[in-house]
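**Student:** Would you mind keeping the following structure in view while I ask a few things?
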Amino acid sequence: MVCLPIGKAISQRAMVCLPIGKAISQRAMVCLPIGKAINDMLLESINTPRDFKKLKVHQLNLLCAELRSRIVQVVSKNGGHLASSLGAVEIITALHYCLNLPEDMIVFDVGHQAYTHKLLTGRNNRFDTLRKAGGMSGFPSHTESTYDPFTAGHSSDAVSLALGLAAGGCPKAVALIGDGSLSGGLCFEGLNNAGHLKKDILVVLNTNELSISPAVGAVSVYLNKIISQPLYNRFRESLENFVRNRLPKGRIILKLADKFEKELKGFFVPGMLFEELGFRYFGPLDGHNLGLLIPTLKNILTFKGPILLHVFTKKGRGYPPSENDPVSFHSAAPFDIASGRPLNISSIESYTDVFGRKMVELAKVNKNIVAITAAMPEGTGLAQFRDKYPDRFYDAGIAEAHAVCFAVGLAKKGRRPVVAVYSTFLQRAYDQLIESVGLQNLPVALCLDRAGVSGEDGVTHQGIFDLAYLRSIPNLVVMAPHSADELEAMLEFAVNLDKPCAIRYPRSQIVKPAKSQSANIELGKAEVLQEGKALAIIAIGAMVSPALEAAALLKKENLDACVVNGRFVKPLDKELFVRLSAEFKYLVTVEDGILDGGFGSSVLELLNRPVLRLGFPCEFIEHGKRDWLLEKYGLDAKGIAQSINGLYKA
């Protein structure tokens, strides 16, 4: 092992190690301290991909070690997607080395693995601001860099986007996708169309921990070296022309030869699916071996038509805690580098925790309850349910549209399906919400985690559109709890309701109710939390607590506010809201969703009178901590009180 101490004395034990040289089996390693400041190193001299094209492959291995060190250093402080980013260091470095960016373009599927891309495209000096308000996005962003053709954050669309680039004239369009992307139907739609159009597109399929025997792996590497060589392909093209034009029955011979090559590749490598879709398949290759990746990429980038390069990598590569627990380090909170342990561990439950615990309790009583998620059992709180009731738990993969349709089928046969999904990802199933959930009118419960602003993940993950798009769907009941007790009550109400319904709740710790209130849920009934004489504030979900705090601030200014917990976005409590409209000159609604078509709009439509509506504008909200964003948009207690004061000063 070759260890390179860098800069100051090394006190950290965590190290990043990379193999040097070309052979996969070589044991020589480059080791760098993880998380230490890197001074006068290769990474510091790179501002564009062109800056490192003159480096040799063994220097690129050292660069990759520096990249890993930088990524771990920043993510340990700011949080972020660590395991996937560490696993993709070499393949992204190889692509940048072989392509001519930004004329050529890389489209990232999801984009949570793109930290290396950011560091190699002139953003190293700002990388410390990753995921901070006003700083760099945690995902590719077209507003951040010309090297990011698209803002990414959702899965399975990279092939379609890259194909559009190729058809539009991009010299080399590359889609970098993961095995999870293939569980989304849109990815297959793109692959199918790419094989039909025959445009010059390269799809790099990165699978994690692919099981491949040494014998098959060696043959696969050997075959791919042969079939990617320019000499082989020039010979193949010349031979095809000769056979087609000079020999009797030449076309028949070519078909037989092509069939033989496919059968040979199909025997040794798992690429026949892509061959049948119209791609030339290469792989699987070690996605951490630059000595193998770079010459292969240089060769296949000269080919015409759709190409698929299959690589296998290890999530969390180079940082042992992440390698050993890639699930926990998928989206990591700030952590101690030496131990890998989170820096801030709260004993306060989150809405996700409460949901997961209540699901297990309900399932014990009701044997018909089943749980469905789209590749997010831990993130949605269903891990305990999965472990307790594995025969009643379904992970649909990154396929929200399928998950929703699947739930409707289960409901038709008497099950009580609960679909747990992030608010922003349910958008991917909008057609199914209308055609399958609303139209069939079957008892499916949709539980939307990360509703409202979700924080540092930014524009692609803010769940601010759900109230607006859900309330437009016939037959769908829409609820939002403001406390732990209310979430539990709504979930119990939902699994016993003979209609489809949705419950949405934020990514935050549980807020305890200000007063002991009844958690009994009645369809379409709101709850008056505090009587008042000057005005009425009708808040929904997570906005109830700041509304109560705002009322306390207004009380000091002799404005006595009635505060209502709306509970239901659909159906509204018409009787109560009409009474409030008659009683108060000023009505205020507060929501943590967009104002266009949201909760306040539904109240406005019902009453047909002026209503002060507080919420988010209909725009994409930048990344930042949830509390900071609420304050910025006037949705904290102080901001709500100030807006209401403005009514009286106008």
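Each chain in the structure tokens gets a letter, A, B, ..., in the order shown, and its residues are numbered from 1; ligands are numbered from 1 in order too.
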Name the residues of segment 249-438 of chain A that fall into helix (DSSP H, G or I) according to DSSP on the backbone, using the chain letters and numbers of this document, as JSON, numbers by chain.
**Tutor:** {"A": [250, 251, 252, 253, 254, 255, 256, 257, 258, 259, 260, 261, 262, 263, 264, 265, 266, 267, 268, 272, 273, 274, 275, 276, 290, 291, 292, 293, 294, 295, 296, 297, 298, 299, 300, 320, 321, 322, 323, 324, 351, 352, 353, 354, 355, 356, 357, 358, 359, 360, 361, 362, 363, 364, 365, 383, 384, 385, 386, 387, 388, 390, 391, 392, 400, 401, 402, 403, 404, 405, 406, 407, 408, 409, 410, 411, 412, 423, 424, 425, 426, 427, 428, 429, 430, 431, 432, 433, 434, 435, 436, 437, 438]}
**Student:** Do a neighbour search on Tyr281 of chain A at 8 Å with only C-alpha atoms, toss out local chain neighbours closer than 4 positions, and write the hits as a ChimeraX atom specification.
**Tutor:** /A:271-272,274-275,307-310
**Student:** Atoms to include: N, CA and C atoms. Write the selected residues as a PDB file, in the first residue's frame.
**Tutor:**
ATOM      1  N   GLY A 271     -26.273  -8.272 -21.577  1.00  0.00           N
ATOM      2  CA  GLY A 271     -26.653  -7.081 -22.328  1.00  0.00           C
ATOM      3  C   GLY A 271     -27.659  -7.290 -23.427  1.00  0.00           C
ATOM      4  N   MET A 272     -28.238  -8.487 -23.523  1.00  0.00           N
ATOM      5  CA  MET A 272     -29.106  -8.766 -24.659  1.00  0.00           C
ATOM      6  C   MET A 272     -30.376  -7.926 -24.650  1.00  0.00           C
ATOM      7  N   PHE A 274     -30.643  -4.810 -23.952  1.00  0.00           N
ATOM      8  CA  PHE A 274     -30.332  -3.536 -24.603  1.00  0.00           C
ATOM      9  C   PHE A 274     -30.031  -3.731 -26.084  1.00  0.00           C
ATOM     10  N   GLU A 275     -29.423  -4.863 -26.421  1.00  0.00           N
ATOM     11  CA  GLU A 275     -29.198  -5.171 -27.839  1.00  0.00           C
ATOM     12  C   GLU A 275     -30.534  -5.269 -28.573  1.00  0.00           C
ATOM     13  N   ILE A 307     -25.435   3.649 -27.959  1.00  0.00           N
ATOM     14  CA  ILE A 307     -24.465   2.778 -27.289  1.00  0.00           C
ATOM     15  C   ILE A 307     -24.808   2.733 -25.807  1.00  0.00           C
ATOM     16  N   LEU A 308     -24.687   1.553 -25.209  1.00  0.00           N
ATOM     17  CA  LEU A 308     -24.867   1.438 -23.761  1.00  0.00           C
ATOM     18  C   LEU A 308     -23.617   0.833 -23.153  1.00  0.00           C
ATOM     19  N   LEU A 309     -23.013   1.575 -22.223  1.00  0.00           N
ATOM     20  CA  LEU A 309     -21.857   1.095 -21.466  1.00  0.00           C
ATOM     21  C   LEU A 309     -22.315   0.758 -20.058  1.00  0.00           C
ATOM     22  N   HIS A 310     -22.103  -0.483 -19.676  1.00  0.00           N
ATOM     23  CA  HIS A 310     -22.541  -0.975 -18.373  1.00  0.00           C
ATOM     24  C   HIS A 310     -21.333  -1.051 -17.440  1.00  0.00           C
TER      25      HIS A 310
END
**Student:** Between A:Val453, A:Ala401, A:Leu491, A:Leu587, which one has atoms that come closest to Leu629 of chain A, using only C-alpha atoms?
**Tutor:**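 With only C-alpha atoms as the atom set, the closest residue is A:Val453.
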**Student:** By how many Å are atom CA of Leu576 of chain A and atom CA of Leu614 of chain A apart?
**Tutor:** 19.9 Å
**Student:** Closest to Val495 of chain A among A:Ala363, A:Ala383, A:Ile177, A:Leu604, using only C-alpha atoms?
**Tutor:**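 For Val495 of chain A, the nearest of the candidates is A:Ala363.
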**Student:** Excluding Asp128 of chain A and residues on its chain fewer than 2 positions from it, collect all residues at most 10 Å away from it, counting only C-alpha atoms, and give them as a ChimeraX atom specification.
**Tutor:** /A:70-71,73-75,77-78,123-126,130-132,135-136
**Student:** Which of these residues is nearest to Ala88 of chain A, using only C-alpha atoms: A:Pro102, A:Gly316, A:Gly639, A:Gly195?
**Tutor:** A:Gly316
**Student:** Hey, can you check how far atom CA of Glu575 of chain A sits from atom CA of Ala484 of chain A?
**Tutor:**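 Separation of atom CA of Glu575 of chain A and atom CA of Ala484 of chain A: 26.5 Å.
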**Student:** What does the distance from atom CA of Arg626 of chain A to atom CA of Asn645 of chain A come to in Å, to one decimal?
**Tutor:**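 These atoms are spaced 24.2 Å apart.
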**Student:** Pick out the residues sitting within 9 Å of Arg416 of chain A, and hand them over as a list of chain:residue names; count only C-alpha atoms, and ignore anything fewer than 6 positions along from it in its own chain.
**Tutor:**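 These residues fall inside the cut-off: A:Asn366, A:Lys367, A:Asn368, A:Ile369, A:Val370, A:Ala371, A:Ala407, A:Leu410, A:Pro443, A:Val444, A:Ala445, A:Val495, A:Asn496.
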**Student:** Please list as a PyMOL selection string every residue within 12 Å of Val408 of chain A, counting only C-alpha atoms and excluding residues in the same chain fewer than 5 positions away.
**Tutor:** chain A and resi 370+372+401-403+413-419+432-446+499-500
**Student:** Give me, as JSON, numbers by chain, all polymer residues having an atom no more than 9 Å from Pro571 of chain A, counting only C-alpha atoms and skipping those fewer than 4 positions away in the same chain.
**Tutor:** {"A": [471, 476, 477, 478, 479, 523, 524, 525]}
**Student:** Excluding same-chain residues fewer than 2 positions from segment 173-176 of chain A, what lies within 10 Å of it counting only C-alpha atoms, as a PyMOL selection string?
**Tutor:** chain A and resi 88+91-92+95+99+103-111+113-114+157-167+169-171+178+181+199-206+301+307-309
**Student:** So which one's closest to Asp627 of chain A, A:Leu197, A:Met543, A:Leu67, A:Ala519? Using only C-alpha atoms, please.
**Tutor:**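 Among the listed residues, A:Met543 lies closest to Asp627 of chain A.
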**Student:** Could you pull out the strand (DSSP E) residues of segment 247-461 of chain A from DSSP and send them as an MDAnalysis selection string?
**Tutor:** chainID A and resid 280:286 307:313 369:373 393:395 416:422 445:451
**Student:** Given the choices A:Thr121, A:Tyr97, A:Gly379, A:Thr352, which gets closest to Glu144 of chain A if the distance is worked out from only C-alpha atoms?
**Tutor:**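 Going through A:Thr121, A:Tyr97, A:Gly379, A:Thr352 one by one, the smallest distance to Glu144 of chain A is for A:Thr121.
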**Student:** Given only C-alpha atoms as the basis, pick out the residue of A:Ala489, A:Leu86, A:Ile345, A:Leu186 nearest to Lys314 of chain A.
**Tutor:**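 Answer, going by the shortest atom-to-atom distance: A:Leu86.
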